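Structure file entry_34.txt with compact mmCIF, C-alpha atoms:
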```txt
# COMPACT_ATOMS: atom_id res chain seq x y z
CA MET A 1 -25.55 -3.37 3.73
CA ALA A 2 -24.53 -6.99 4.35
CA LEU A 3 -20.79 -7.41 4.88
CA VAL A 4 -18.86 -10.67 4.76
CA LEU A 5 -15.18 -10.75 5.69
CA HIS A 6 -13.22 -13.63 4.18
CA HIS A 7 -10.67 -14.06 6.95
CA LEU A 8 -7.40 -16.02 6.90
CA ASN A 9 -5.53 -16.87 10.10
CA ALA A 10 -2.15 -15.14 10.67
CA SER A 11 -2.77 -12.61 7.90
CA ARG A 12 -3.41 -8.93 7.26
CA SER A 13 -7.08 -9.79 7.72
CA GLN A 14 -6.85 -9.35 11.50
CA ARG A 15 -6.44 -5.61 10.87
CA ILE A 16 -9.87 -5.53 9.25
CA VAL A 17 -11.45 -7.62 12.03
CA TRP A 18 -10.20 -5.01 14.50
CA LEU A 19 -11.45 -2.12 12.34
CA LEU A 20 -14.89 -3.71 11.89
CA GLU A 21 -15.10 -4.21 15.67
CA GLU A 22 -14.14 -0.56 16.24
CA LEU A 23 -16.88 0.50 13.79
CA GLY A 24 -19.41 -1.71 15.54
CA THR A 25 -20.93 -2.60 12.17
CA ASP A 26 -22.59 -5.99 11.69
CA TYR A 27 -20.63 -8.41 9.54
CA ASP A 28 -20.26 -12.11 8.94
CA LEU A 29 -16.88 -13.76 9.18
CA VAL A 30 -15.88 -16.73 7.02
CA SER A 31 -12.62 -18.28 8.24
CA TYR A 32 -9.93 -19.96 6.17
CA ALA A 33 -6.78 -21.69 7.42
CA ARG A 34 -3.31 -21.51 5.93
CA ASN A 35 -1.85 -24.76 4.65
CA ALA A 36 0.01 -26.20 7.65
CA GLU A 37 3.05 -27.09 5.56
CA THR A 38 3.39 -24.31 2.98
CA HIS A 39 1.73 -21.56 5.06
CA LEU A 40 -0.03 -20.46 1.86
CA ALA A 41 -3.66 -19.36 1.68
CA PRO A 42 -6.04 -22.16 0.59
CA PRO A 43 -7.21 -22.19 -3.07
CA GLU A 44 -10.84 -21.55 -1.97
CA LEU A 45 -10.07 -17.83 -1.84
CA LEU A 46 -9.44 -17.85 -5.59
CA LYS A 47 -13.20 -18.36 -6.06
CA PHE A 48 -13.75 -14.83 -4.78
CA HIS A 49 -10.78 -12.91 -6.18
CA PRO A 50 -8.10 -13.68 -8.81
CA MET A 51 -5.19 -13.04 -6.39
CA GLY A 52 -6.65 -15.44 -3.80
CA LYS A 53 -5.45 -13.40 -0.80
CA SER A 54 -7.17 -12.37 2.42
CA PRO A 55 -8.70 -10.05 3.61
CA LEU A 56 -11.52 -9.92 1.10
CA LEU A 57 -14.64 -7.94 1.88
CA GLU A 58 -17.90 -8.96 0.26
CA THR A 59 -20.27 -5.98 -0.01
CA ASP A 60 -23.46 -5.04 -1.87
CA GLU A 61 -21.12 -3.28 -4.32
CA GLY A 62 -18.96 -6.33 -4.98
CA ILE A 63 -15.84 -7.92 -3.54
CA ILE A 64 -12.99 -5.64 -2.43
CA ALA A 65 -9.39 -6.77 -2.00
CA GLU A 66 -6.35 -5.00 -0.49
CA THR A 67 -6.35 -4.17 3.22
CA GLY A 68 -5.90 -0.41 2.72
CA ALA A 69 -8.70 -0.27 0.14
CA ILE A 70 -11.06 -2.19 2.44
CA ALA A 71 -10.22 0.20 5.30
CA GLU A 72 -10.88 3.28 3.17
CA TYR A 73 -14.11 1.77 1.83
CA LEU A 74 -15.34 1.06 5.38
CA MET A 75 -14.46 4.63 6.41
CA ALA A 76 -16.39 6.12 3.48
CA ARG A 77 -19.48 3.95 3.93
CA PHE A 78 -19.69 3.39 7.71
CA ASP A 79 -17.85 6.24 9.43
CA GLN A 80 -19.82 9.36 8.52
CA GLU A 81 -19.24 10.64 12.09
CA ARG A 82 -15.46 10.56 11.44
CA ARG A 83 -14.77 8.62 14.64
CA LEU A 84 -12.03 6.63 12.91
CA HIS A 85 -10.67 8.88 10.15
CA PRO A 86 -9.83 12.58 10.24
CA LYS A 87 -11.53 15.18 8.04
CA SER A 88 -9.45 16.09 5.01
CA SER A 89 -9.29 19.67 6.34
CA SER A 90 -7.61 18.58 9.59
CA THR A 91 -3.88 18.85 10.32
CA ASP A 92 -3.94 15.11 11.08
CA PHE A 93 -5.04 14.29 7.53
CA PRO A 94 -1.59 14.00 5.83
CA ILE A 95 -0.22 12.12 8.87
CA TYR A 96 -3.16 9.71 8.78
CA LEU A 97 -2.71 9.11 5.04
CA GLU A 98 1.01 8.41 5.37
CA TRP A 99 0.55 5.79 8.09
CA LEU A 100 -2.48 4.23 6.43
CA HIS A 101 -0.22 3.54 3.45
CA SER A 102 2.88 2.80 5.55
CA ALA A 103 1.13 -0.34 6.77
CA GLU A 104 1.97 -1.85 3.34
CA GLY A 105 4.80 0.53 2.47
CA ALA A 106 8.43 1.19 3.33
CA PRO A 107 8.08 0.55 7.10
CA PHE A 108 6.37 -2.81 6.45
CA LEU A 109 8.19 -4.31 3.46
CA PRO A 110 11.43 -5.26 5.27
CA ASN A 111 9.34 -7.24 7.80
CA LEU A 112 7.56 -9.08 5.01
CA LEU A 113 10.79 -9.82 3.15
CA SER A 114 12.55 -11.01 6.31
CA PHE A 115 9.63 -13.31 7.01
CA TYR A 116 9.90 -14.78 3.51
CA PHE A 117 13.68 -15.16 3.80
CA GLN A 118 13.32 -16.96 7.11
CA GLY A 119 10.77 -19.35 5.61
CA ALA A 120 13.08 -20.03 2.67
CA GLY A 121 16.23 -20.51 4.79
CA LEU A 122 17.89 -17.51 3.13
CA THR A 123 18.66 -15.49 6.27
CA GLU A 124 22.42 -15.39 5.69
CA THR A 125 22.30 -13.72 2.28
CA PRO A 126 23.43 -10.07 1.93
CA LEU A 127 19.87 -9.17 0.88
CA ALA A 128 18.44 -10.64 4.08
CA GLN A 129 21.05 -8.76 6.11
CA ALA A 130 20.17 -5.50 4.34
CA MET A 131 16.51 -6.12 5.19
CA LYS A 132 17.44 -6.54 8.87
CA ALA A 133 19.00 -3.07 8.80
CA GLU A 134 15.85 -1.70 7.10
CA GLN A 135 13.70 -3.35 9.77
CA LYS A 136 15.65 -1.54 12.48
CA LYS A 137 15.30 1.77 10.60
CA ALA A 138 11.55 1.22 10.32
CA ALA A 139 11.20 0.33 14.02
CA ASN A 140 13.10 3.51 14.97
CA HIS A 141 10.92 5.58 12.63
CA ILE A 142 7.77 4.16 14.26
CA GLU A 143 9.17 4.74 17.75
CA LYS A 144 9.99 8.38 16.95
CA HIS A 145 6.49 8.94 15.59
CA LEU A 146 4.77 7.37 18.60
CA ALA A 147 6.98 9.35 20.99
CA ALA A 148 5.69 12.56 19.31
CA HIS A 149 2.03 11.58 18.65
CA PRO A 150 -0.41 9.52 20.75
CA PHE A 151 -1.65 7.62 17.67
CA PHE A 152 -0.45 6.68 14.19
CA GLY A 153 -2.97 9.08 12.63
CA GLY A 154 -1.81 11.95 14.88
CA SER A 155 -4.00 13.21 17.73
CA GLN A 156 -6.89 10.73 17.42
CA PHE A 157 -7.27 6.97 17.28
CA SER A 158 -8.00 6.01 13.66
CA ALA A 159 -8.02 3.25 11.06
CA ALA A 160 -4.27 3.88 10.70
CA ASP A 161 -3.79 2.34 14.17
CA CYS A 162 -5.70 -0.79 13.14
CA LEU A 163 -3.61 -1.11 9.99
CA MET A 164 -0.26 -0.58 11.72
CA GLY A 165 -1.10 -2.85 14.67
CA PHE A 166 0.10 -5.99 12.92
CA ASN A 167 3.59 -4.47 12.58
CA ILE A 168 3.85 -3.58 16.25
CA GLN A 169 2.58 -6.96 17.46
CA ASN A 170 5.22 -8.63 15.30
CA ALA A 171 7.90 -6.28 16.63
CA GLU A 172 6.91 -7.24 20.18
CA MET A 173 7.11 -10.96 19.32
CA ALA A 174 10.56 -10.37 17.81
CA GLY A 175 11.61 -8.81 21.12
CA VAL A 176 12.46 -5.39 19.68
CA LEU A 177 9.95 -3.36 21.72
CA LYS A 178 12.04 -3.57 24.89
CA GLU A 179 14.18 -0.67 23.66
CA ARG A 180 11.17 1.16 22.21
CA PRO A 181 8.99 2.42 25.08
CA ALA A 182 6.64 4.60 23.01
CA SER A 183 5.79 1.66 20.73
CA GLN A 184 5.25 -0.58 23.76
CA ALA A 185 3.03 2.06 25.41
CA TRP A 186 0.97 2.37 22.22
CA LEU A 187 0.48 -1.42 22.10
CA ASP A 188 -0.54 -1.53 25.79
CA LYS A 189 -3.08 1.25 25.10
CA MET A 190 -4.51 -0.69 22.17
CA ARG A 191 -4.82 -3.84 24.29
CA ALA A 192 -7.17 -1.96 26.62
CA ARG A 193 -9.62 -1.34 23.74
CA PRO A 194 -12.65 -3.69 23.70
CA ALA A 195 -12.49 -3.96 19.89
CA TYR A 196 -8.84 -5.09 20.06
CA GLN A 197 -9.80 -7.73 22.61
CA LYS A 198 -12.65 -8.90 20.38
CA MET A 199 -10.21 -9.19 17.50
CA LEU A 200 -7.96 -11.41 19.63
CA ALA A 201 -10.97 -13.51 20.70
CA ILE A 202 -11.96 -14.03 17.06
CA GLY A 203 -8.46 -15.23 16.35
CA ILE A 204 -5.51 -13.55 14.77
CA MET B 1 0.68 25.98 -1.82
CA ALA B 2 4.33 25.36 -2.80
CA LEU B 3 5.03 21.74 -3.66
CA VAL B 4 8.45 20.13 -3.96
CA LEU B 5 8.78 16.56 -5.19
CA HIS B 6 11.95 14.77 -4.09
CA HIS B 7 12.38 12.50 -7.07
CA LEU B 8 14.62 9.45 -7.45
CA ASN B 9 15.38 7.91 -10.85
CA ALA B 10 13.95 4.44 -11.57
CA SER B 11 11.62 4.59 -8.57
CA ARG B 12 7.96 4.81 -7.60
CA SER B 13 8.42 8.58 -7.82
CA GLN B 14 7.68 8.61 -11.56
CA ARG B 15 4.08 7.76 -10.68
CA ILE B 16 3.81 11.04 -8.78
CA VAL B 17 5.49 13.04 -11.57
CA TRP B 18 2.81 11.72 -13.93
CA LEU B 19 0.01 12.50 -11.46
CA LEU B 20 1.31 16.05 -10.85
CA GLU B 21 1.47 16.60 -14.62
CA GLU B 22 -2.11 15.32 -14.99
CA LEU B 23 -3.21 17.75 -12.26
CA GLY B 24 -1.38 20.62 -13.95
CA THR B 25 -0.36 21.95 -10.53
CA ASP B 26 2.89 23.90 -10.18
CA TYR B 27 5.64 22.04 -8.38
CA ASP B 28 9.40 21.98 -8.12
CA LEU B 29 11.33 18.80 -8.75
CA VAL B 30 14.54 17.95 -6.91
CA SER B 31 16.28 14.96 -8.51
CA TYR B 32 18.36 12.30 -6.82
CA ALA B 33 20.27 9.44 -8.46
CA ARG B 34 20.53 5.88 -7.25
CA ASN B 35 24.02 4.66 -6.36
CA ALA B 36 25.35 3.16 -9.61
CA GLU B 37 26.72 0.09 -7.85
CA THR B 38 24.20 -0.73 -5.08
CA HIS B 39 21.13 0.80 -6.82
CA LEU B 40 20.16 2.20 -3.40
CA ALA B 41 18.75 5.69 -2.84
CA PRO B 42 21.38 8.24 -1.76
CA PRO B 43 21.62 9.12 1.96
CA GLU B 44 20.55 12.75 1.23
CA LEU B 45 16.92 11.62 1.32
CA LEU B 46 17.32 10.72 5.00
CA LYS B 47 17.50 14.45 5.74
CA PHE B 48 13.84 14.74 4.77
CA HIS B 49 12.33 11.50 6.06
CA PRO B 50 13.57 8.72 8.39
CA MET B 51 12.99 5.96 5.80
CA GLY B 52 15.02 7.84 3.16
CA LYS B 53 12.86 6.69 0.25
CA SER B 54 11.40 8.52 -2.74
CA PRO B 55 8.87 9.90 -3.63
CA LEU B 56 8.68 12.49 -0.87
CA LEU B 57 6.37 15.45 -1.25
CA GLU B 58 7.21 18.66 0.58
CA THR B 59 4.07 20.69 1.25
CA ASP B 60 3.01 23.64 3.44
CA GLU B 61 1.68 20.95 5.81
CA GLY B 62 4.97 19.06 6.06
CA ILE B 63 6.70 16.22 4.24
CA ILE B 64 4.60 13.26 3.09
CA ALA B 65 6.03 9.83 2.26
CA GLU B 66 4.42 6.76 0.63
CA THR B 67 3.28 6.96 -2.98
CA GLY B 68 -0.36 6.11 -2.24
CA ALA B 69 -0.54 8.68 0.57
CA ILE B 70 0.95 11.38 -1.67
CA ALA B 71 -1.57 10.53 -4.39
CA GLU B 72 -4.52 10.72 -1.99
CA TYR B 73 -3.21 13.97 -0.51
CA LEU B 74 -2.93 15.53 -3.97
CA MET B 75 -6.46 14.38 -4.81
CA ALA B 76 -7.88 15.92 -1.62
CA ARG B 77 -6.04 19.23 -1.98
CA PHE B 78 -5.82 19.78 -5.76
CA ASP B 79 -8.63 17.80 -7.40
CA GLN B 80 -11.82 19.38 -6.11
CA GLU B 81 -13.34 18.95 -9.58
CA ARG B 82 -12.85 15.18 -9.28
CA ARG B 83 -11.14 14.91 -12.67
CA LEU B 84 -8.76 12.25 -11.29
CA HIS B 85 -10.64 10.48 -8.51
CA PRO B 86 -14.25 9.29 -8.39
CA LYS B 87 -16.80 10.54 -5.86
CA SER B 88 -17.26 8.15 -2.96
CA SER B 89 -20.92 7.75 -4.00
CA SER B 90 -19.95 6.44 -7.46
CA THR B 91 -19.95 2.78 -8.49
CA ASP B 92 -16.30 3.27 -9.53
CA PHE B 93 -15.28 4.16 -5.97
CA PRO B 94 -14.52 0.64 -4.60
CA ILE B 95 -12.79 -0.31 -7.88
CA TYR B 96 -10.66 2.85 -7.72
CA LEU B 97 -9.71 2.16 -4.09
CA GLU B 98 -8.70 -1.42 -4.79
CA TRP B 99 -6.37 -0.50 -7.64
CA LEU B 100 -4.96 2.53 -5.86
CA HIS B 101 -3.82 0.12 -3.14
CA SER B 102 -2.98 -2.72 -5.54
CA ALA B 103 -0.12 -0.57 -6.84
CA GLU B 104 1.73 -1.52 -3.62
CA GLY B 105 -0.29 -4.62 -2.82
CA ALA B 106 -0.69 -8.23 -3.92
CA PRO B 107 -0.40 -7.53 -7.69
CA PHE B 108 2.82 -5.55 -7.15
CA LEU B 109 4.73 -7.45 -4.45
CA PRO B 110 5.81 -10.43 -6.60
CA ASN B 111 7.39 -7.96 -9.07
CA LEU B 112 9.29 -6.23 -6.30
CA LEU B 113 10.47 -9.51 -4.78
CA SER B 114 11.54 -10.91 -8.15
CA PHE B 115 13.50 -7.71 -8.77
CA TYR B 116 15.28 -8.11 -5.43
CA PHE B 117 15.97 -11.79 -6.06
CA GLN B 118 17.45 -11.00 -9.45
CA GLY B 119 19.72 -8.35 -7.95
CA ALA B 120 20.86 -10.81 -5.27
CA GLY B 121 21.45 -13.71 -7.66
CA LEU B 122 18.77 -15.78 -5.94
CA THR B 123 16.57 -16.51 -8.97
CA GLU B 124 16.88 -20.29 -8.71
CA THR B 125 15.48 -20.60 -5.18
CA PRO B 126 11.99 -22.12 -4.66
CA LEU B 127 10.86 -18.75 -3.24
CA ALA B 128 11.92 -16.92 -6.42
CA GLN B 129 10.14 -19.56 -8.51
CA ALA B 130 6.98 -19.13 -6.42
CA MET B 131 7.16 -15.39 -7.02
CA LYS B 132 7.36 -15.98 -10.78
CA ALA B 133 4.07 -17.87 -10.58
CA GLU B 134 2.56 -15.03 -8.52
CA GLN B 135 3.76 -12.51 -11.12
CA LYS B 136 1.93 -14.42 -13.81
CA LYS B 137 -1.22 -14.56 -11.68
CA ALA B 138 -1.00 -10.79 -11.13
CA ALA B 139 -0.47 -10.07 -14.84
CA ASN B 140 -3.53 -12.19 -15.70
CA HIS B 141 -5.58 -10.41 -13.04
CA ILE B 142 -4.61 -7.02 -14.51
CA GLU B 143 -5.34 -8.21 -18.05
CA LYS B 144 -8.79 -9.44 -17.04
CA HIS B 145 -9.56 -6.14 -15.35
CA LEU B 146 -8.43 -4.04 -18.32
CA ALA B 147 -10.39 -6.24 -20.72
CA ALA B 148 -13.55 -5.42 -18.72
CA HIS B 149 -12.86 -1.74 -17.82
CA PRO B 150 -11.23 1.04 -19.86
CA PHE B 151 -9.19 2.23 -16.84
CA PHE B 152 -7.86 0.87 -13.55
CA GLY B 153 -10.33 3.02 -11.60
CA GLY B 154 -13.27 1.75 -13.71
CA SER B 155 -14.97 3.99 -16.27
CA GLN B 156 -12.74 7.10 -15.90
CA PHE B 157 -9.04 7.84 -16.03
CA SER B 158 -7.86 8.38 -12.44
CA ALA B 159 -4.90 8.48 -10.07
CA ALA B 160 -5.14 4.67 -9.96
CA ASP B 161 -3.86 4.61 -13.57
CA CYS B 162 -0.84 6.74 -12.64
CA LEU B 163 -0.05 4.46 -9.71
CA MET B 164 -0.44 1.21 -11.66
CA GLY B 165 1.50 2.50 -14.70
CA PHE B 166 4.88 1.47 -13.30
CA ASN B 167 3.71 -2.17 -13.14
CA ILE B 168 2.55 -2.23 -16.75
CA GLN B 169 5.68 -0.56 -18.10
CA ASN B 170 7.76 -3.17 -16.30
CA ALA B 171 5.56 -5.95 -17.68
CA GLU B 172 6.13 -4.61 -21.20
CA MET B 173 9.91 -4.51 -20.64
CA ALA B 174 9.76 -8.10 -19.38
CA GLY B 175 8.03 -9.04 -22.66
CA VAL B 176 4.84 -10.33 -21.03
CA LEU B 177 2.42 -7.89 -22.70
CA LYS B 178 2.57 -9.71 -26.04
CA GLU B 179 0.00 -12.20 -24.76
CA ARG B 180 -1.98 -9.50 -22.94
CA PRO B 181 -3.68 -7.25 -25.50
CA ALA B 182 -5.88 -5.28 -23.09
CA SER B 183 -2.86 -4.32 -20.97
CA GLN B 184 -0.93 -3.34 -24.10
CA ALA B 185 -3.90 -1.27 -25.35
CA TRP B 186 -4.12 0.50 -21.98
CA LEU B 187 -0.41 1.36 -22.12
CA ASP B 188 -0.70 2.66 -25.69
CA LYS B 189 -3.64 4.84 -24.59
CA MET B 190 -1.59 6.23 -21.71
CA ARG B 191 1.34 7.01 -24.03
CA ALA B 192 -0.96 9.34 -25.99
CA ARG B 193 -1.55 11.49 -22.90
CA PRO B 194 0.51 14.72 -22.76
CA ALA B 195 1.11 14.30 -19.01
CA TYR B 196 2.55 10.80 -19.57
CA GLN B 197 4.87 12.21 -22.23
CA LYS B 198 5.97 14.97 -19.86
CA MET B 199 6.72 12.35 -17.22
CA LEU B 200 8.95 10.50 -19.71
CA ALA B 201 10.67 13.77 -20.68
CA ILE B 202 11.40 14.51 -17.01
CA GLY B 203 12.94 11.08 -16.71
CA ILE B 204 11.71 7.89 -15.26
```
Is it possible to express this structure as structure tokens?
Amino acid sequence: MALVLHHLNASRSQRIVWLLEELGTDYDLVSYARNAETHLAPPELLKFHPMGKSPLLETDEGIIAETGAIAEYLMARFDQERRLHPKSSSTDFPIYLEWLHSAEGAPFLPNLLSFYFQGAGLTETPLAQAMKAEQKKAANHIEKHLAAHPFFGGSQFSAADCLMGFNIQNAEMAGVLKERPASQAWLDKMRARPAYQKMLAIGI
Amino acid sequence: MALVLHHLNASRSQRIVWLLEELGTDYDLVSYARNAETHLAPPELLKFHPMGKSPLLETDEGIIAETGAIAEYLMARFDQERRLHPKSSSTDFPIYLEWLHSAEGAPFLPNLLSFYFQGAGLTETPLAQAMKAEQKKAANHIEKHLAAHPFFGGSQFSAADCLMGFNIQNAEMAGVLKERPASQAWLDKMRARPAYQKMLAIGI
């Protein structure tokens, strides 16, 4: 099957680049750049999907949007050996599912909102302050998980690590990993992976 | 397996009540109420999960958070007959995946942000205005999909309908379904389902 990833810089799309590199599946990458002023995705993406967001995966079965959906599609079609996602009978399965969805869920949303508030100059509002507290709660939750499990999906490296990576990289840039050794150790471990390095080379 | 749903009023949890009722699986419901002033979830939920959000599903395999993860867990454990989720070999599979994730993804986020902005009295900011435009784009995207497919997951009713329901109910309350007949028809069809009616009786 021919795969084309419509990739936008500084977006969730880097998670899928990493996952595709871990899979070792052939794919083509088409790159788009955010508008330098507004930071919005360019209108070209609207040609492929009505929401105009990235990542978008072009497949023989049509275009797929939503990072988590693309990840699950890739697992179903290209990971029959279950290298990157646990069997549903395994004890890791519910853990894997929770973190796969956490990448867009409660542990991620306060980061997204804070990013928007910063861009809009609204950091001093009570809502922005509440989001800061939620961000700290999320970072502590992640730290506790990674202190108890080697990977987001439990005992094995999985697609959940690729999806959560974006959060941890951002946490490091925000300087909050200094007090969170398990999160820092996880990130260092990921950096040693050839697929992670390829993702960085392709551009995040 | 004993299931306990930790349910919060006016939250994503209603999606899981509906899904559990569609499955017809036994479960216990423990209800929590939002703080009348702050509209936040009560601190009791923090006893069960570090993020303190609802829905939370207590299972023999531990507590699971994140609506999408709970839905996928229920499908794997209680829907062997595939009444509520398509086989991965089916043409519906990528469509199902995209909408399952869209319930927390690009078509949902502008609604969530607009809700927060309204609560914080920030509706006149450029960011809030941009979110209004995104909401409209999302509503049009949903309308186009439902004009072409009878259900969110394609040809069959599925867990994706339960997860997206919250969005469409909110759109109706906001008065935007008048110009969107396919979305209105989908909602009317859902209202005829006994499991949907049970969800309403339990309280949304």
- Fewer than 4 positions away in the same chain doesn't count, so skip those; otherwise give me all residues within 8 Å of Ile63 (chain A), counting all atoms listed in the file, as a ChimeraX atom specification. /A:48-49,56-59
At a cut-off of 12 Å, using only C-alpha atoms, what residues contact Leu23 (chain A)? Leave out same-chain residues fewer than 5 positions from it and give the result as a PDB file with C-alpha atoms, keeping the file's coordinate frame.
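Written output follows (around-v3.pdb):
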```
ATOM      1  CA  ILE A  16      -9.870  -5.530   9.250  1.00  0.00           C
ATOM      2  CA  VAL A  17     -11.450  -7.620  12.030  1.00  0.00           C
ATOM      3  CA  TRP A  18     -10.200  -5.010  14.500  1.00  0.00           C
ATOM      4  CA  ALA A  71     -10.220   0.200   5.300  1.00  0.00           C
ATOM      5  CA  LEU A  74     -15.340   1.060   5.380  1.00  0.00           C
ATOM      6  CA  MET A  75     -14.460   4.630   6.410  1.00  0.00           C
ATOM      7  CA  ALA A  76     -16.390   6.120   3.480  1.00  0.00           C
ATOM      8  CA  ARG A  77     -19.480   3.950   3.930  1.00  0.00           C
ATOM      9  CA  PHE A  78     -19.690   3.390   7.710  1.00  0.00           C
ATOM     10  CA  ASP A  79     -17.850   6.240   9.430  1.00  0.00           C
ATOM     11  CA  GLN A  80     -19.820   9.360   8.520  1.00  0.00           C
ATOM     12  CA  GLU A  81     -19.240  10.640  12.090  1.00  0.00           C
ATOM     13  CA  ARG A  82     -15.460  10.560  11.440  1.00  0.00           C
ATOM     14  CA  ARG A  83     -14.770   8.620  14.640  1.00  0.00           C
ATOM     15  CA  LEU A  84     -12.030   6.630  12.910  1.00  0.00           C
ATOM     16  CA  HIS A  85     -10.670   8.880  10.150  1.00  0.00           C
ATOM     17  CA  SER A 158      -8.000   6.010  13.660  1.00  0.00           C
ATOM     18  CA  ALA A 159      -8.020   3.250  11.060  1.00  0.00           C
ATOM     19  CA  CYS A 162      -5.700  -0.790  13.140  1.00  0.00           C
ATOM     20  CA  PRO A 194     -12.650  -3.690  23.700  1.00  0.00           C
ATOM     21  CA  ALA A 195     -12.490  -3.960  19.890  1.00  0.00           C
ATOM     22  CA  TYR A 196      -8.840  -5.090  20.060  1.00  0.00           C
TER      23      TYR A 196
END
```
Residue hits in chain A, query chain B, radius 8 Å, all atoms listed in the file, as a tab-separated table (two decimals) with C-alpha atoms, in the frame of the given file:
```tsv
chain	number	residue	atom	x	y	z
A	50	PRO	CA	-8.10	-13.68	-8.81
A	51	MET	CA	-5.19	-13.04	-6.39
A	53	LYS	CA	-5.45	-13.40	-0.80
A	61	GLU	CA	-21.12	-3.28	-4.32
A	64	ILE	CA	-12.99	-5.64	-2.43
A	65	ALA	CA	-9.39	-6.77	-2.00
A	66	GLU	CA	-6.35	-5.00	-0.49
A	68	GLY	CA	-5.90	-0.41	2.72
A	69	ALA	CA	-8.70	-0.27	0.14
A	70	ILE	CA	-11.06	-2.19	2.44
A	72	GLU	CA	-10.88	3.28	3.17
A	73	TYR	CA	-14.11	1.77	1.83
A	76	ALA	CA	-16.39	6.12	3.48
A	88	SER	CA	-9.45	16.09	5.01
A	91	THR	CA	-3.88	18.85	10.32
A	94	PRO	CA	-1.59	14.00	5.83
A	95	ILE	CA	-0.22	12.12	8.87
A	97	LEU	CA	-2.71	9.11	5.04
A	98	GLU	CA	1.01	8.41	5.37
A	100	LEU	CA	-2.48	4.23	6.43
A	101	HIS	CA	-0.22	3.54	3.45
A	102	SER	CA	2.88	2.80	5.55
A	104	GLU	CA	1.97	-1.85	3.34
A	105	GLY	CA	4.80	0.53	2.47
A	106	ALA	CA	8.43	1.19	3.33
A	107	PRO	CA	8.08	0.55	7.10
A	113	LEU	CA	10.79	-9.82	3.15
A	116	TYR	CA	9.90	-14.78	3.51
A	120	ALA	CA	13.08	-20.03	2.67
A	126	PRO	CA	23.43	-10.07	1.93
A	127	LEU	CA	19.87	-9.17	0.88
A	137	LYS	CA	15.30	1.77	10.60
A	138	ALA	CA	11.55	1.22	10.32
A	141	HIS	CA	10.92	5.58	12.63
```
Padding 3 Å on every side, please: axis-aligned box over the listed atoms of region 123-131 of chain A, centre and edge lengths to one decimal in Å, as AutoDock Vina command-line options.
```
--center_x 20.0 --center_y -10.5 --center_z 3.6 --size_x 12.9 --size_y 16.0 --size_z 11.4
```
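Put simply, CA of Glu21 (chain B) is 16.6 Å away from CA of Leu8 (chain B).
Coordinates place CA of Leu146 (chain B) at a distance of 26.3 Å from CA of Pro42 (chain A).
Interatomic distance, CA of Gln118 (chain B) to CA of Thr38 (chain B): 13.0 Å.
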- Message: Which residues are near Phe157 (chain B)? Cut-off 12 Å, only C-alpha atoms, ignore same chain within fewer than 3 positions. Put them as a PyMOL selection string.
- Response: chain B and resi 19+22+82-86+92+96+149-154+160-165+186+189-190+193
